[in-house]
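Next up, work-v3.cif (mmCIF, C-alpha atoms, pLDDT in the B column; chains and numbers go by the auth columns):
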data_entry
loop_
_atom_site.group_PDB
_atom_site.id
_atom_site.type_symbol
_atom_site.label_atom_id
_atom_site.label_comp_id
_atom_site.label_asym_id
_atom_site.label_seq_id
_atom_site.Cartn_x
_atom_site.Cartn_y
_atom_site.Cartn_z
_atom_site.B_iso_or_equiv
_atom_site.auth_seq_id
_atom_site.auth_asym_id
ATOM 1 C CA MET A 1 -18.299 15.231 -8.350 45.00 1 X
ATOM 2 C CA LYS A 2 -14.626 14.583 -7.851 63.00 2 X
ATOM 3 C CA ASP A 3 -13.189 14.542 -4.368 77.00 3 X
ATOM 4 C CA PRO A 4 -11.536 17.957 -3.719 87.00 4 X
ATOM 5 C CA ILE A 5 -8.487 16.328 -2.125 87.00 5 X
ATOM 6 C CA LYS A 6 -8.002 14.118 -5.184 86.00 6 X
ATOM 7 C CA ALA A 7 -8.390 17.120 -7.489 91.00 7 X
ATOM 8 C CA GLU A 8 -5.781 19.082 -5.541 94.00 8 X
ATOM 9 C CA ILE A 9 -3.404 16.102 -5.556 92.00 9 X
ATOM 10 C CA LYS A 10 -3.820 15.855 -9.337 94.00 10 X
ATOM 11 C CA ARG A 11 -3.199 19.593 -9.814 95.00 11 X
ATOM 12 C CA LEU A 12 -0.065 19.591 -7.653 95.00 12 X
ATOM 13 C CA SER A 13 1.194 16.440 -9.309 95.00 13 X
ATOM 14 C CA ASP A 14 0.805 18.096 -12.706 96.00 14 X
ATOM 15 C CA GLN A 15 2.692 21.166 -11.446 95.00 15 X
ATOM 16 C CA LEU A 16 5.477 18.946 -10.139 94.00 16 X
ATOM 17 C CA ASP A 17 5.714 17.207 -13.505 95.00 17 X
ATOM 18 C CA SER A 18 5.880 20.592 -15.242 93.00 18 X
ATOM 19 C CA ILE A 19 8.688 21.734 -12.940 92.00 19 X
ATOM 20 C CA ASN A 20 10.636 18.552 -13.650 90.00 20 X
ATOM 21 C CA HIS A 21 10.365 19.204 -17.389 91.00 21 X
ATOM 22 C CA LYS A 22 11.421 22.848 -16.994 88.00 22 X
ATOM 23 C CA SER A 23 14.429 22.030 -14.827 86.00 23 X
ATOM 24 C CA GLN A 24 16.254 19.905 -17.413 85.00 24 X
ATOM 25 C CA PRO A 25 16.828 22.716 -19.983 86.00 25 X
ATOM 26 C CA LEU A 26 17.795 25.120 -17.169 81.00 26 X
ATOM 27 C CA LEU A 27 20.317 22.608 -15.879 81.00 27 X
ATOM 28 C CA GLU A 28 21.867 22.263 -19.345 83.00 28 X
ATOM 29 C CA SER A 29 21.985 26.027 -19.911 84.00 29 X
ATOM 30 C CA GLY A 30 23.503 26.669 -16.486 80.00 30 X
ATOM 31 C CA ASN A 31 20.894 29.182 -15.276 81.00 31 X
ATOM 32 C CA VAL A 32 21.427 28.643 -11.563 83.00 32 X
ATOM 33 C CA GLU A 33 19.070 31.371 -10.288 86.00 33 X
ATOM 34 C CA LYS A 34 15.955 30.063 -12.038 87.00 34 X
ATOM 35 C CA LEU A 35 16.947 26.495 -11.257 86.00 35 X
ATOM 36 C CA GLY A 36 17.185 27.380 -7.552 88.00 36 X
ATOM 37 C CA GLU A 37 13.720 28.955 -7.617 90.00 37 X
ATOM 38 C CA LEU A 38 12.279 25.871 -9.316 90.00 38 X
ATOM 39 C CA MET A 39 13.885 23.567 -6.753 90.00 39 X
ATOM 40 C CA LYS A 40 12.426 25.585 -3.843 94.00 40 X
ATOM 41 C CA GLU A 41 9.002 25.456 -5.481 94.00 41 X
ATOM 42 C CA LYS A 42 9.437 21.725 -6.104 94.00 42 X
ATOM 43 C CA VAL A 43 10.187 21.080 -2.414 95.00 43 X
ATOM 44 C CA THR A 44 7.114 23.007 -1.250 96.00 44 X
ATOM 45 C CA ILE A 45 4.878 21.188 -3.740 95.00 45 X
ATOM 46 C CA GLU A 46 6.268 17.800 -2.669 96.00 46 X
ATOM 47 C CA GLU A 47 5.582 18.621 1.001 96.00 47 X
ATOM 48 C CA GLU A 48 2.019 19.694 0.189 96.00 48 X
ATOM 49 C CA LEU A 49 1.484 16.538 -1.896 95.00 49 X
ATOM 50 C CA GLN A 50 2.675 14.382 1.001 95.00 50 X
ATOM 51 C CA ARG A 51 0.306 16.157 3.412 95.00 51 X
ATOM 52 C CA LEU A 52 -2.653 15.767 1.032 94.00 52 X
ATOM 53 C CA ARG A 53 -1.930 12.091 0.407 90.00 53 X
ATOM 54 C CA GLU A 54 -1.856 11.455 4.155 90.00 54 X
ATOM 55 C CA ALA A 55 -5.166 13.319 4.551 90.00 55 X
ATOM 56 C CA HIS A 56 -6.683 11.259 1.739 86.00 56 X
ATOM 57 C CA THR A 57 -5.488 8.014 3.358 82.00 57 X
ATOM 58 C CA ALA A 58 -6.909 9.116 6.725 85.00 58 X
ATOM 59 C CA SER A 59 -10.295 9.821 5.155 83.00 59 X
ATOM 60 C CA LEU A 60 -10.262 6.365 3.558 80.00 60 X
ATOM 61 C CA SER A 61 -9.410 4.879 6.912 87.00 61 X
ATOM 62 C CA LYS A 62 -12.394 6.627 8.518 87.00 62 X
ATOM 63 C CA GLU A 63 -14.678 5.244 5.838 89.00 63 X
ATOM 64 C CA ALA A 64 -13.221 1.745 6.287 90.00 64 X
ATOM 65 C CA GLN A 65 -13.749 1.965 10.038 88.00 65 X
ATOM 66 C CA LYS A 66 -17.353 3.068 9.507 91.00 66 X
ATOM 67 C CA LEU A 67 -17.999 0.064 7.256 92.00 67 X
ATOM 68 C CA GLN A 68 -16.398 -2.351 9.708 87.00 68 X
ATOM 69 C CA LYS A 69 -18.751 -1.086 12.445 89.00 69 X
ATOM 70 C CA LEU A 70 -21.810 -2.113 10.416 90.00 70 X
ATOM 71 C CA GLY A 71 -23.378 -5.263 11.802 86.00 71 X
ATOM 72 C CA PHE A 72 -22.987 -7.634 8.882 93.00 72 X
ATOM 73 C CA GLN A 73 -20.755 -8.218 5.887 93.00 73 X
ATOM 74 C CA ARG A 74 -20.446 -10.945 3.267 95.00 74 X
ATOM 75 C CA ALA A 75 -19.232 -11.520 -0.282 96.00 75 X
ATOM 76 C CA ILE A 76 -21.764 -10.736 -3.021 96.00 76 X
ATOM 77 C CA THR A 77 -22.462 -13.668 -5.359 95.00 77 X
ATOM 78 C CA LYS A 78 -22.186 -13.365 -9.148 96.00 78 X
ATOM 79 C CA THR A 79 -25.978 -13.558 -9.577 95.00 79 X
ATOM 80 C CA GLU A 80 -26.469 -10.784 -7.021 94.00 80 X
ATOM 81 C CA GLN A 81 -23.824 -8.702 -8.803 95.00 81 X
ATOM 82 C CA ALA A 82 -25.683 -9.164 -12.081 95.00 82 X
ATOM 83 C CA ASP A 83 -28.865 -7.688 -10.584 94.00 83 X
ATOM 84 C CA MET A 84 -27.456 -5.116 -8.178 94.00 84 X
ATOM 85 C CA GLY A 85 -30.633 -3.002 -8.305 93.00 85 X
ATOM 86 C CA ALA A 86 -32.769 -5.818 -6.915 94.00 86 X
ATOM 87 C CA LEU A 87 -30.209 -6.472 -4.180 93.00 87 X
ATOM 88 C CA LYS A 88 -30.185 -2.818 -3.134 93.00 88 X
ATOM 89 C CA LYS A 89 -34.001 -2.767 -3.048 94.00 89 X
ATOM 90 C CA ARG A 90 -34.124 -5.969 -0.999 93.00 90 X
ATOM 91 C CA VAL A 91 -31.436 -4.892 1.483 92.00 91 X
ATOM 92 C CA ARG A 92 -31.935 -1.286 2.493 90.00 92 X
ATOM 93 C CA GLY A 93 -28.764 0.615 3.349 91.00 93 X
ATOM 94 C CA ILE A 94 -26.349 -1.886 1.807 95.00 94 X
ATOM 95 C CA ILE A 95 -22.939 -0.568 0.827 95.00 95 X
ATOM 96 C CA VAL A 96 -21.082 -2.566 -1.819 96.00 96 X
ATOM 97 C CA VAL A 97 -17.279 -2.323 -2.014 96.00 97 X
ATOM 98 C CA HIS A 98 -15.275 -3.688 -4.949 96.00 98 X
ATOM 99 C CA PRO A 99 -11.802 -5.069 -4.111 96.00 99 X
ATOM 100 C CA MET A 100 -10.108 -3.053 -6.880 96.00 100 X
ATOM 101 C CA THR A 101 -11.198 0.345 -5.520 94.00 101 X
ATOM 102 C CA ALA A 102 -8.940 2.269 -3.141 89.00 102 X
ATOM 103 C CA LEU A 103 -11.233 1.464 -0.227 92.00 103 X
ATOM 104 C CA GLY A 104 -11.348 -2.214 -1.156 93.00 104 X
ATOM 105 C CA ARG A 105 -7.565 -2.438 -1.453 91.00 105 X
ATOM 106 C CA GLU A 106 -7.136 -0.693 1.874 88.00 106 X
ATOM 107 C CA MET A 107 -9.555 -3.086 3.566 89.00 107 X
ATOM 108 C CA GLY A 108 -7.835 -6.070 1.939 88.00 108 X
ATOM 109 C CA LEU A 109 -10.972 -7.426 0.293 93.00 109 X
ATOM 110 C CA GLU A 110 -10.708 -10.475 -1.956 95.00 110 X
ATOM 111 C CA ALA A 111 -14.224 -10.341 -3.445 96.00 111 X
ATOM 112 C CA VAL A 112 -17.014 -7.832 -3.995 97.00 112 X
ATOM 113 C CA THR A 113 -18.373 -7.400 -0.472 96.00 113 X
ATOM 114 C CA GLY A 114 -21.611 -5.976 0.881 96.00 114 X
ATOM 115 C CA PHE A 115 -21.867 -4.231 4.238 96.00 115 X
ATOM 116 C CA ALA A 116 -25.243 -3.744 5.959 95.00 116 X
ATOM 117 C CA ARG A 117 -26.781 -3.287 9.395 93.00 117 X
ATOM 118 C CA GLU A 118 -28.727 -6.542 9.329 90.00 118 X
ATOM 119 C CA LYS A 119 -28.067 -9.970 7.829 91.00 119 X
ATOM 120 C CA PHE A 120 -28.870 -10.388 4.115 86.00 120 X
#
Let me see the structure of the file written as structure tokens.
Amino acid sequence: MKDPIKAEIKRLSDQLDSINHKSQPLLESGNVEKLGELMKEKVTIEEELQRLREAHTASLSKEAQKLQKLGFQRAITKTEQADMGALKKRVRGIIVVHPMTALGREMGLEAVTGFAREKF
């Protein structure tokens, strides 16, 4: 299931895009009243988007902090990546983070990294 914050960000972003497309013809036609309403709505949507993005970043930061508190971390080798199921059976409770995900980028990972309570 999709993260509700991400879904709301997507919805508001789509609304903002729609408003931007609606404002151009209104600007050309000179309809100031409707243009003013759209601009007020645009400002409120932008503020809400900013708040949601900050909340999303804070939740990522909490998850990153939780992973850093785990006792052990190391890069996952290519052979271990090829048989991820066996690795997860061998090391109970391992959490694997890819560097191209949002969490991986935030943590500044260079390689696929595993986080676990004990050494693996």
What's the separation between CA of Glu54 in chain X and CA of Gly71 in chain X, in Å to one decimal place? 28.3 Å
May I ask for the distance between CA of Thr57 in chain X and CA of Asp17 in chain X, given in Å to one decimal place?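 Between CA of Thr57 in chain X and CA of Asp17 in chain X the gap is 22.2 Å.
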Using the file's own x, y and z axes, what box holds all listed atoms of range 13-20 of chain X with 3 Å on each side, keeping edges along x, y and z, and what are its centre and edge lengths in Å to one decimal, as JSON?
{"center_x": 5.7, "center_y": 19.1, "center_z": -12.3, "size_x": 15.8, "size_y": 11.3, "size_z": 11.9}
Residues within 8 Å of range 22-25 of chain X, please, as a VMD selection string. Count only C-alpha atoms; anything in the same chain fewer than 4 positions from it doesn't count. chain X and resid 18 29 35 38
For the file shown, report as an MDAnalysis selection string the outcome of the PyMOL selection byres ((chain X and resi 41) around 12) at residue level. chainID X and resid 12 15:20 23 34:40 42:48
Write range 97-108 of chain X as a compact mmCIF listing (two decimals), in the frame of the given file, completed to all heavy atoms.
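Written file, result_6.txt:
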# COMPACT_ATOMS: atom_id res chain seq x y z
N VAL X 97 -18.65 -2.76 -1.79
CA VAL X 97 -17.28 -2.32 -2.01
C VAL X 97 -16.59 -3.33 -2.92
O VAL X 97 -16.57 -4.53 -2.64
CB VAL X 97 -16.50 -2.19 -0.68
CG1 VAL X 97 -15.08 -1.73 -0.93
CG2 VAL X 97 -17.21 -1.24 0.25
N HIS X 98 -16.01 -2.83 -4.01
CA HIS X 98 -15.28 -3.69 -4.95
C HIS X 98 -13.82 -3.77 -4.49
O HIS X 98 -13.25 -2.77 -4.03
CB HIS X 98 -15.36 -3.09 -6.36
CG HIS X 98 -14.95 -4.02 -7.43
ND1 HIS X 98 -13.63 -4.26 -7.74
CD2 HIS X 98 -15.68 -4.81 -8.25
CE1 HIS X 98 -13.57 -5.14 -8.71
NE2 HIS X 98 -14.80 -5.50 -9.05
N PRO X 99 -13.19 -4.94 -4.61
CA PRO X 99 -11.80 -5.07 -4.11
C PRO X 99 -10.77 -4.26 -4.89
O PRO X 99 -9.67 -4.03 -4.38
CB PRO X 99 -11.52 -6.57 -4.24
CG PRO X 99 -12.50 -7.07 -5.22
CD PRO X 99 -13.71 -6.19 -5.11
N MET X 100 -11.09 -3.80 -6.10
CA MET X 100 -10.11 -3.05 -6.88
C MET X 100 -10.17 -1.54 -6.64
O MET X 100 -9.35 -0.80 -7.14
CB MET X 100 -10.29 -3.33 -8.37
CG MET X 100 -10.02 -4.79 -8.74
SD MET X 100 -8.41 -5.36 -8.24
CE MET X 100 -7.38 -4.45 -9.35
N THR X 101 -11.15 -1.07 -5.85
CA THR X 101 -11.20 0.34 -5.52
C THR X 101 -10.18 0.63 -4.41
O THR X 101 -9.66 -0.29 -3.77
CB THR X 101 -12.60 0.76 -5.04
OG1 THR X 101 -12.92 0.01 -3.85
CG2 THR X 101 -13.65 0.51 -6.11
N ALA X 102 -9.91 1.90 -4.18
CA ALA X 102 -8.94 2.27 -3.14
C ALA X 102 -9.40 1.77 -1.77
O ALA X 102 -8.60 1.24 -0.99
CB ALA X 102 -8.75 3.78 -3.12
N LEU X 103 -10.69 1.91 -1.51
CA LEU X 103 -11.23 1.46 -0.23
C LEU X 103 -11.13 -0.05 -0.10
O LEU X 103 -10.74 -0.58 0.94
CB LEU X 103 -12.69 1.92 -0.09
CG LEU X 103 -13.39 1.58 1.21
CD1 LEU X 103 -12.67 2.23 2.38
CD2 LEU X 103 -14.84 2.04 1.15
N GLY X 104 -11.43 -0.76 -1.17
CA GLY X 104 -11.35 -2.21 -1.16
C GLY X 104 -9.93 -2.71 -0.97
O GLY X 104 -9.67 -3.67 -0.23
N ARG X 105 -8.97 -2.06 -1.63
CA ARG X 105 -7.56 -2.44 -1.45
C ARG X 105 -7.11 -2.17 -0.03
O ARG X 105 -6.38 -2.96 0.57
CB ARG X 105 -6.68 -1.68 -2.45
CG ARG X 105 -6.78 -2.18 -3.86
CD ARG X 105 -5.70 -1.58 -4.74
NE ARG X 105 -5.67 -0.14 -4.72
CZ ARG X 105 -6.31 0.67 -5.56
NH1 ARG X 105 -7.05 0.15 -6.50
NH2 ARG X 105 -6.21 1.97 -5.47
N GLU X 106 -7.54 -1.03 0.51
CA GLU X 106 -7.14 -0.69 1.87
C GLU X 106 -7.69 -1.70 2.88
O GLU X 106 -7.00 -2.08 3.82
CB GLU X 106 -7.65 0.71 2.23
CG GLU X 106 -7.30 1.11 3.63
CD GLU X 106 -7.95 2.39 4.06
OE1 GLU X 106 -8.50 3.11 3.21
OE2 GLU X 106 -7.92 2.67 5.27
N MET X 107 -8.92 -2.14 2.65
CA MET X 107 -9.56 -3.09 3.57
C MET X 107 -9.07 -4.52 3.33
O MET X 107 -9.35 -5.40 4.14
CB MET X 107 -11.08 -3.02 3.42
CG MET X 107 -11.65 -1.70 3.86
SD MET X 107 -13.40 -1.57 3.56
CE MET X 107 -14.03 -2.63 4.85
N GLY X 108 -8.36 -4.74 2.23
CA GLY X 108 -7.84 -6.07 1.94
C GLY X 108 -8.89 -7.06 1.48
O GLY X 108 -8.81 -8.25 1.77
